[in-house]
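Peer 1: So here's input04.csv, just CSV, C-alpha atoms:
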```csv
chain,number,residue,atom,x,y,z
A,1,MET,CA,52.5,8.3,-11.0
A,2,LYS,CA,54.7,10.5,-8.9
A,3,ARG,CA,56.1,11.8,-12.2
A,4,LEU,CA,52.7,13.1,-13.1
A,5,ALA,CA,51.3,14.9,-10.1
A,6,SER,CA,54.5,15.7,-8.3
A,7,LEU,CA,55.8,17.2,-11.4
A,8,LEU,CA,52.7,19.4,-11.5
A,9,LEU,CA,52.5,20.2,-7.8
A,10,SER,CA,56.2,21.2,-7.8
A,11,ALA,CA,55.6,23.4,-10.8
A,12,LEU,CA,52.6,25.1,-9.3
A,13,LEU,CA,54.3,25.7,-6.0
A,14,VAL,CA,57.7,26.9,-7.2
A,15,PHE,CA,57.0,27.7,-10.8
A,16,SER,CA,59.4,25.2,-12.2
A,17,LEU,CA,59.6,21.5,-13.0
A,18,THR,CA,62.3,20.8,-10.2
A,19,ALA,CA,47.0,-9.7,-22.7
A,20,CYS,CA,46.7,-10.8,-26.1
A,21,GLY,CA,48.7,-13.2,-28.3
A,22,ASN,CA,51.0,-12.1,-31.1
A,23,PRO,CA,48.9,-10.4,-33.7
A,24,ALA,CA,48.3,-12.3,-36.9
A,25,GLY,CA,50.9,-11.7,-39.6
A,26,LYS,CA,53.5,-10.5,-37.1
A,27,GLY,CA,56.8,-12.3,-36.9
A,28,GLU,CA,58.1,-13.9,-33.7
A,29,ALA,CA,60.3,-11.6,-31.7
A,30,GLU,CA,62.4,-12.2,-28.6
A,31,THR,CA,60.6,-10.5,-25.7
A,32,ASP,CA,62.4,-7.5,-24.3
A,33,GLU,CA,63.0,-7.8,-20.6
A,34,PHE,CA,61.2,-4.6,-19.7
A,35,LEU,CA,58.3,-5.0,-22.1
A,36,SER,CA,57.7,-8.5,-20.7
A,37,GLN,CA,56.8,-6.8,-17.4
A,38,LEU,CA,54.1,-4.8,-19.2
A,39,GLU,CA,52.5,-7.7,-20.9
A,40,GLY,CA,48.7,-7.1,-21.2
A,41,SER,CA,46.2,-4.5,-22.4
A,42,TYR,CA,45.8,-1.0,-21.0
A,43,VAL,CA,43.0,1.5,-20.8
A,44,GLU,CA,43.4,5.2,-19.8
A,45,LEU,CA,44.2,5.5,-16.1
A,46,PHE,CA,42.5,8.8,-15.1
A,47,PRO,CA,39.0,8.1,-16.3
A,48,GLU,CA,39.2,5.0,-14.1
A,49,LEU,CA,40.6,6.8,-11.1
A,50,GLY,CA,37.8,9.4,-11.4
A,51,LYS,CA,34.9,7.0,-11.2
A,52,ASP,CA,32.4,7.6,-8.4
A,53,GLU,CA,32.7,4.1,-7.2
A,54,TYR,CA,36.3,4.8,-6.1
A,55,HIS,CA,35.7,8.0,-4.3
A,56,GLU,CA,35.8,6.5,-0.9
A,57,LYS,CA,39.1,4.9,-1.6
A,58,TRP,CA,40.4,8.4,-2.4
A,59,VAL,CA,39.0,9.7,0.9
A,60,THR,CA,40.6,6.8,2.8
A,61,HIS,CA,44.1,7.6,1.5
A,62,VAL,CA,44.0,11.4,1.2
A,63,GLU,CA,42.2,12.4,4.5
A,64,PRO,CA,45.0,11.1,6.8
A,65,ILE,CA,47.5,13.2,5.0
A,66,VAL,CA,45.7,16.5,4.5
A,67,GLY,CA,42.9,16.4,7.1
A,68,GLU,CA,39.2,16.1,6.7
A,69,ALA,CA,38.6,19.7,5.8
A,70,ALA,CA,40.9,19.7,2.8
A,71,THR,CA,40.2,16.2,1.5
A,72,GLU,CA,37.6,16.9,-1.2
A,73,GLU,CA,39.4,19.9,-2.5
A,74,THR,CA,42.7,17.9,-2.7
A,75,ILE,CA,41.2,15.0,-4.5
A,76,ALA,CA,39.6,17.3,-7.1
A,77,PHE,CA,42.9,19.1,-7.5
A,78,LEU,CA,45.0,16.0,-8.1
A,79,LEU,CA,42.6,14.6,-10.7
A,80,ASN,CA,42.2,18.0,-12.4
A,81,MET,CA,46.0,18.3,-12.7
A,82,CYS,CA,46.2,15.2,-14.9
A,83,THR,CA,43.0,15.5,-17.0
A,84,ALA,CA,43.6,18.4,-19.3
A,85,GLU,CA,42.4,18.0,-22.9
A,86,ILE,CA,45.0,20.2,-24.6
A,87,TYR,CA,48.7,19.6,-25.3
A,88,GLY,CA,51.4,20.9,-27.6
A,89,ASP,CA,51.3,24.5,-28.8
A,90,GLU,CA,47.8,25.1,-27.5
A,91,ALA,CA,48.9,24.1,-24.0
A,92,VAL,CA,52.0,26.1,-24.2
A,93,GLU,CA,49.9,29.2,-25.0
A,94,ALA,CA,47.3,28.4,-22.3
A,95,TYR,CA,49.8,27.8,-19.5
A,96,LYS,CA,51.8,31.0,-19.7
A,97,ASN,CA,50.6,31.5,-16.1
A,98,PRO,CA,52.1,28.6,-14.1
A,99,ASP,CA,49.0,28.5,-11.9
A,100,ASP,CA,47.0,27.3,-14.9
A,101,MET,CA,49.3,24.4,-15.8
A,102,ARG,CA,47.8,20.9,-16.2
A,103,PHE,CA,48.7,17.7,-18.0
A,104,ASP,CA,46.9,15.8,-20.7
A,105,CYS,CA,47.3,12.1,-19.6
A,106,TYR,CA,44.9,10.6,-22.2
A,107,PHE,CA,45.8,8.3,-25.2
A,108,LEU,CA,46.3,10.1,-28.5
A,109,GLY,CA,45.9,9.0,-32.1
A,110,GLY,CA,42.5,7.5,-31.8
A,111,VAL,CA,43.7,4.7,-29.5
A,112,ASP,CA,41.2,3.5,-26.9
A,113,LYS,CA,43.3,0.5,-25.7
A,114,PHE,CA,47.0,-0.4,-26.0
A,115,THR,CA,48.2,-4.0,-25.9
A,116,ILE,CA,51.8,-5.2,-25.3
A,117,SER,CA,52.6,-8.7,-26.3
A,118,GLY,CA,56.2,-9.8,-26.6
A,119,ASN,CA,57.9,-7.0,-28.6
A,120,VAL,CA,54.6,-6.1,-30.3
A,121,ILE,CA,52.8,-3.0,-29.3
A,122,SER,CA,49.4,-2.4,-30.8
A,123,GLY,CA,46.3,-0.3,-30.3
A,124,VAL,CA,42.6,-0.4,-31.1
A,125,ASP,CA,40.0,2.3,-31.2
A,126,GLU,CA,36.7,2.4,-29.2
A,127,ASN,CA,35.1,0.0,-31.7
A,128,GLY,CA,37.9,-2.5,-31.4
A,129,LYS,CA,39.3,-1.7,-34.8
A,130,GLU,CA,43.1,-1.9,-35.0
A,131,VAL,CA,44.8,1.5,-35.2
A,132,PHE,CA,48.4,0.2,-35.4
A,133,SER,CA,50.5,-2.9,-34.6
A,134,HIS,CA,54.3,-3.1,-34.9
A,135,THR,CA,57.2,-4.9,-33.4
A,136,TYR,CA,59.6,-2.6,-31.4
A,137,SER,CA,63.3,-2.7,-30.6
A,138,PRO,CA,64.9,-0.9,-27.7
A,139,PHE,CA,67.5,1.7,-28.3
A,140,GLU,CA,69.6,4.0,-26.0
A,141,ASN,CA,68.5,7.6,-26.2
A,142,LYS,CA,71.2,10.2,-26.0
A,143,GLU,CA,69.1,12.3,-23.8
A,144,ASP,CA,68.8,10.9,-20.2
A,145,THR,CA,65.1,11.4,-19.5
A,146,GLY,CA,64.6,8.5,-17.2
A,147,PHE,CA,62.5,6.7,-19.8
A,148,LEU,CA,63.1,3.5,-21.7
A,149,TYR,CA,63.0,4.1,-25.5
A,150,TYR,CA,61.7,1.8,-28.3
A,151,LYS,CA,61.5,2.2,-32.1
A,152,ALA,CA,59.2,0.5,-34.5
A,153,ASP,CA,60.9,-2.0,-36.8
A,154,ASP,CA,58.5,-0.9,-39.6
A,155,GLU,CA,59.3,2.3,-41.5
A,156,ASP,CA,55.7,3.5,-41.8
A,157,ALA,CA,54.7,3.6,-38.2
A,158,GLY,CA,53.8,7.3,-38.2
A,159,GLN,CA,52.8,8.7,-34.8
A,160,PHE,CA,53.6,5.3,-33.3
A,161,THR,CA,57.2,5.1,-34.5
A,162,TYR,CA,58.8,5.9,-31.1
A,163,PHE,CA,57.7,4.9,-27.6
A,164,ALA,CA,59.2,6.1,-24.3
A,165,PHE,CA,58.2,4.3,-21.2
A,166,ALA,CA,58.7,5.4,-17.6
A,167,PRO,CA,60.2,2.5,-15.5
A,168,ASP,CA,56.7,1.8,-14.0
A,169,THR,CA,55.1,-1.6,-14.2
A,170,PRO,CA,51.7,-3.0,-13.0
A,171,GLU,CA,53.7,-5.0,-10.4
A,172,SER,CA,55.6,-2.1,-9.0
A,173,THR,CA,53.4,1.0,-9.4
A,174,TYR,CA,50.0,-0.5,-10.5
A,175,HIS,CA,50.0,1.6,-13.6
A,176,ILE,CA,52.2,2.6,-16.5
A,177,GLU,CA,53.3,6.0,-18.0
A,178,PHE,CA,54.5,6.5,-21.6
A,179,ARG,CA,54.8,8.8,-24.5
A,180,TYR,CA,54.8,8.1,-28.3
A,181,ALA,CA,55.5,10.2,-31.4
A,182,GLU,CA,56.7,10.1,-35.0
A,183,SER,CA,60.0,11.7,-34.0
A,184,VAL,CA,62.1,11.0,-30.9
A,185,ASP,CA,62.8,14.7,-30.6
A,186,ASP,CA,59.1,15.2,-29.8
A,187,LEU,CA,59.6,13.1,-26.6
A,188,GLN,CA,62.4,15.0,-25.1
A,189,SER,CA,60.6,17.9,-23.6
A,190,TRP,CA,57.6,18.2,-21.2
A,191,PHE,CA,57.0,21.9,-21.8
A,192,GLU,CA,57.6,22.6,-25.5
A,193,GLY,CA,57.0,21.1,-28.9
A,194,SER,CA,54.2,19.1,-30.4
A,195,TYR,CA,53.6,17.0,-27.3
A,196,ALA,CA,54.2,19.5,-24.5
A,197,TYR,CA,52.2,18.9,-21.3
A,198,TRP,CA,51.2,15.4,-22.4
A,199,ASN,CA,52.1,12.0,-20.8
A,200,ALA,CA,49.8,9.0,-21.3
A,201,ALA,CA,48.9,6.9,-18.3
A,202,GLY,CA,47.3,3.5,-18.4
A,203,ILE,CA,46.1,0.7,-16.1
A,204,LEU,CA,45.6,-2.9,-17.0
A,205,GLU,CA,42.2,-3.7,-18.5
A,206,GLY,CA,40.2,-5.8,-16.0
A,207,TYR,CA,42.3,-4.5,-13.1
A,208,SER,CA,41.3,-5.8,-9.7
A,209,ASP,CA,39.7,-3.7,-6.9
A,210,GLU,CA,42.9,-4.2,-4.9
A,211,MET,CA,45.1,-2.9,-7.8
A,212,MET,CA,42.9,0.3,-8.0
A,213,ASP,CA,43.2,0.8,-4.2
A,214,GLN,CA,47.0,0.4,-4.4
A,215,CYS,CA,47.2,2.8,-7.3
A,216,ILE,CA,45.2,5.5,-5.5
A,217,GLU,CA,47.2,5.0,-2.3
A,218,LEU,CA,50.5,5.4,-4.2
A,219,PHE,CA,49.2,8.5,-6.0
A,220,ALA,CA,48.1,10.1,-2.7
A,221,THR,CA,51.2,9.1,-0.7
A,222,GLU,CA,53.8,10.1,-3.2
A,223,ASN,CA,52.2,13.4,-4.1
A,224,LEU,CA,51.0,14.6,-0.7
A,225,SER,CA,53.3,13.2,1.9
A,226,GLY,CA,56.6,13.8,0.1
A,227,GLU,CA,57.6,10.1,0.2
```
Show me, as structure tokens, the structure contained in the file I just sent.

Peer 2:
Amino acid sequence: MKRLASLLLSALLVFSLTACGNPAGKGEAETDEFLSQLEGSYVELFPELGKDEYHEKWVTHVEPIVGEAATEETIAFLLNMCTAEIYGDEAVEAYKNPDDMRFDCYFLGGVDKFTISGNVISGVDENGKEVFSHTYSPFENKEDTGFLYYKADDEDAGQFTYFAFAPDTPESTYHIEFRYAESVDDLQSWFEGSYAYWNAAGILEGYSDEMMDQCIELFATENLSGE
């Protein structure tokens, strides 16, 4: 999560970026070590973080860092920075002034929920209809972006051909961050190309109250205290 808001906070301040079973019909695949840590189904993180029922958790973790007077403004700022609804060329044009910069952290391609099961990554829409389902194999990307890269074993995976995951897991950071595209080149840059200013963020479906609290605490601590 630090990758999201800290990235944005730094840019704004210094004007630079310093569980489901194996789907039917899919073959068995050896579980990748990293993907095994992501096993489960994920919904979009920020709509969950922004729910009114969690506002007091935000206050609890933000107020000790910024003070009571700045708490509400800071909470709104952090959420706003990661809930833009534009990306790609439209965002590049809109954010010529760095003060306007935001990130779109929603799921793209009509996916409402992602599921990772073994080496199978799949997604369904808001009605539960399958959007895609493929097995994926890891590969070493020549560009060191800090992400772990996977490619669909199928040739017709379209927008879901490549996935790039940050090394976050529900166990370590209470959320995940990832990008996906039809070309690996589209995943190399945060600030240009078809997926500029976009980075999907998810949280386990059916997350516990404790996990949400830990997620908010991590977000506030990493992005406001410099830890």

Peer 1: Name the residues in contact with Leu79 of chain A at a cut-off of 9 Å, using only C-alpha atoms, excluding same-chain residues fewer than 3 positions from it; report them as a PyMOL selection string.

Peer 2: chain A and resi 5+46+49-50+74-76+82-83

Peer 1: Please compute the atom CA of Leu187 of chain A-atom CA of Cys105 of chain A distance, one decimal, in Å.

Peer 2: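 About the pair atom CA of Leu187 of chain A and atom CA of Cys105 of chain A: they are 14.2 Å apart.
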
Peer 1: Would you work out the distance separating atom CA of Asp100 of chain A from atom CA of Phe77 of chain A, expressed in Å to one decimal?

Peer 2: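 Atom CA of Phe77 of chain A lies 11.8 Å from atom CA of Asp100 of chain A.
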
Peer 1: Out of A:Ser122, A:Asn223, A:Ser133, A:Gln214, which residue has the shortest atom-to-atom distance to Glu171 of chain A when counting all atoms listed in the file?

Peer 2: A:Gln214

Peer 1: Please provide as a list in words all residues within 8 Å of Val62 of chain A, with the sequence filter that same-chain residues fewer than 6 positions apart are discarded (counting only C-alpha atoms).

Peer 2: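 The residues satisfying every condition are Thr71, Thr74, Ile75, Glu217, Ala220, Thr221 and Leu224 of chain A.
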
Peer 1: Hey, can you check how far atom CA of Glu140 of chain A sits from atom CA of Glu39 of chain A?

Peer 2: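 Value for the atom CA of Glu140 of chain A-atom CA of Glu39 of chain A distance: 21.3 Å.
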
Peer 1: For segment 173-182 of chain A, please output as number ranges by chain all residues within 7 Å (counting all atoms listed in the file; exclusion window: fewer than 6 positions along the same chain).

Peer 2: A: 158-166, 199-203, 211, 214-215

Peer 1: Between A:Glu222, A:Glu93, A:Asp153, A:Asp112, which one has atoms that come closest to Glu126 of chain A, using all atoms listed in the file?

Peer 2: A:Asp112

Peer 1: With distances taken over all atoms listed in the file, which residue among A:Phe219, A:Tyr106, A:Phe191, A:Phe114 lies nearest Gly40 of chain A?

Peer 2: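 The answer is A:Phe114, which sits nearest to Gly40 of chain A.
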
Peer 1: Give the answer as one residue: which of A:Glu72, A:Glu155, A:Glu85, A:Glu63 has the shortest atom-to-atom distance to Asp104 of chain A, using all atoms listed in the file?

Peer 2: A:Glu85

Peer 1: Which of these, A:Pro64, A:Gly206, A:Pro98, A:Pro138, has the shortest distance to Ser225 of chain A once you count all atoms listed in the file?

Peer 2: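 Closest candidate: A:Pro64.
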
Peer 1: Using the incomplete input, complete segment 63-84 of chain A to the level of N, CA and C atoms; output as a JSON list (two decimals), keeping the file's coordinate frame.

Peer 2:
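Okay, this is what ended up in out25.json:
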```json
[["chain", "number", "residue", "atom", "x", "y", "z"],
["A", 63, "GLU", "N", 42.62, 11.70, 3.22],
["A", 63, "GLU", "CA", 42.20, 12.40, 4.50],
["A", 63, "GLU", "C", 43.30, 12.28, 5.57],
["A", 64, "PRO", "N", 43.95, 11.14, 5.78],
["A", 64, "PRO", "CA", 45.00, 11.10, 6.80],
["A", 64, "PRO", "C", 46.17, 11.99, 6.57],
["A", 65, "ILE", "N", 46.36, 12.38, 5.31],
["A", 65, "ILE", "CA", 47.50, 13.20, 5.00],
["A", 65, "ILE", "C", 47.19, 14.70, 5.05],
["A", 66, "VAL", "N", 46.02, 15.10, 4.57],
["A", 66, "VAL", "CA", 45.70, 16.50, 4.50],
["A", 66, "VAL", "C", 44.66, 16.98, 5.49],
["A", 67, "GLY", "N", 44.00, 16.03, 6.15],
["A", 67, "GLY", "CA", 42.90, 16.40, 7.10],
["A", 67, "GLY", "C", 41.58, 16.41, 6.41],
["A", 68, "GLU", "N", 40.54, 16.23, 7.20],
["A", 68, "GLU", "CA", 39.20, 16.10, 6.70],
["A", 68, "GLU", "C", 38.74, 17.33, 5.90],
["A", 69, "ALA", "N", 39.06, 18.51, 6.40],
["A", 69, "ALA", "CA", 38.60, 19.70, 5.80],
["A", 69, "ALA", "C", 39.10, 19.94, 4.36],
["A", 70, "ALA", "N", 40.30, 19.46, 4.11],
["A", 70, "ALA", "CA", 40.90, 19.70, 2.80],
["A", 70, "ALA", "C", 40.82, 18.49, 1.87],
["A", 71, "THR", "N", 40.19, 17.43, 2.30],
["A", 71, "THR", "CA", 40.20, 16.20, 1.50],
["A", 71, "THR", "C", 39.54, 16.33, 0.16],
["A", 72, "GLU", "N", 38.33, 16.81, 0.10],
["A", 72, "GLU", "CA", 37.60, 16.90, -1.20],
["A", 72, "GLU", "C", 38.29, 17.80, -2.17],
["A", 73, "GLU", "N", 38.74, 18.93, -1.67],
["A", 73, "GLU", "CA", 39.40, 19.90, -2.50],
["A", 73, "GLU", "C", 40.72, 19.27, -3.08],
["A", 74, "THR", "N", 41.43, 18.54, -2.25],
["A", 74, "THR", "CA", 42.70, 17.90, -2.70],
["A", 74, "THR", "C", 42.47, 16.85, -3.70],
["A", 75, "ILE", "N", 41.48, 16.02, -3.50],
["A", 75, "ILE", "CA", 41.20, 15.00, -4.50],
["A", 75, "ILE", "C", 40.84, 15.60, -5.84],
["A", 76, "ALA", "N", 40.00, 16.61, -5.83],
["A", 76, "ALA", "CA", 39.60, 17.30, -7.10],
["A", 76, "ALA", "C", 40.84, 17.90, -7.75],
["A", 77, "PHE", "N", 41.72, 18.48, -6.94],
["A", 77, "PHE", "CA", 42.90, 19.10, -7.50],
["A", 77, "PHE", "C", 43.82, 18.09, -8.16],
["A", 78, "LEU", "N", 44.07, 16.96, -7.50],
["A", 78, "LEU", "CA", 45.00, 16.00, -8.10],
["A", 78, "LEU", "C", 44.43, 15.40, -9.37],
["A", 79, "LEU", "N", 43.16, 15.11, -9.42],
["A", 79, "LEU", "CA", 42.60, 14.60, -10.70],
["A", 79, "LEU", "C", 42.57, 15.64, -11.76],
["A", 80, "ASN", "N", 42.27, 16.87, -11.40],
["A", 80, "ASN", "CA", 42.20, 18.00, -12.40],
["A", 80, "ASN", "C", 43.56, 18.21, -13.01],
["A", 81, "MET", "N", 44.63, 18.07, -12.24],
["A", 81, "MET", "CA", 46.00, 18.30, -12.70],
["A", 81, "MET", "C", 46.38, 17.40, -13.87],
["A", 82, "CYS", "N", 45.76, 16.24, -13.96],
["A", 82, "CYS", "CA", 46.20, 15.20, -14.90],
["A", 82, "CYS", "C", 45.09, 14.91, -15.97],
["A", 83, "THR", "N", 44.09, 15.75, -16.07],
["A", 83, "THR", "CA", 43.00, 15.50, -17.00],
["A", 83, "THR", "C", 42.71, 16.66, -17.93],
["A", 84, "ALA", "N", 43.75, 17.39, -18.30],
["A", 84, "ALA", "CA", 43.60, 18.40, -19.30],
["A", 84, "ALA", "C", 43.28, 17.81, -20.64]]
```
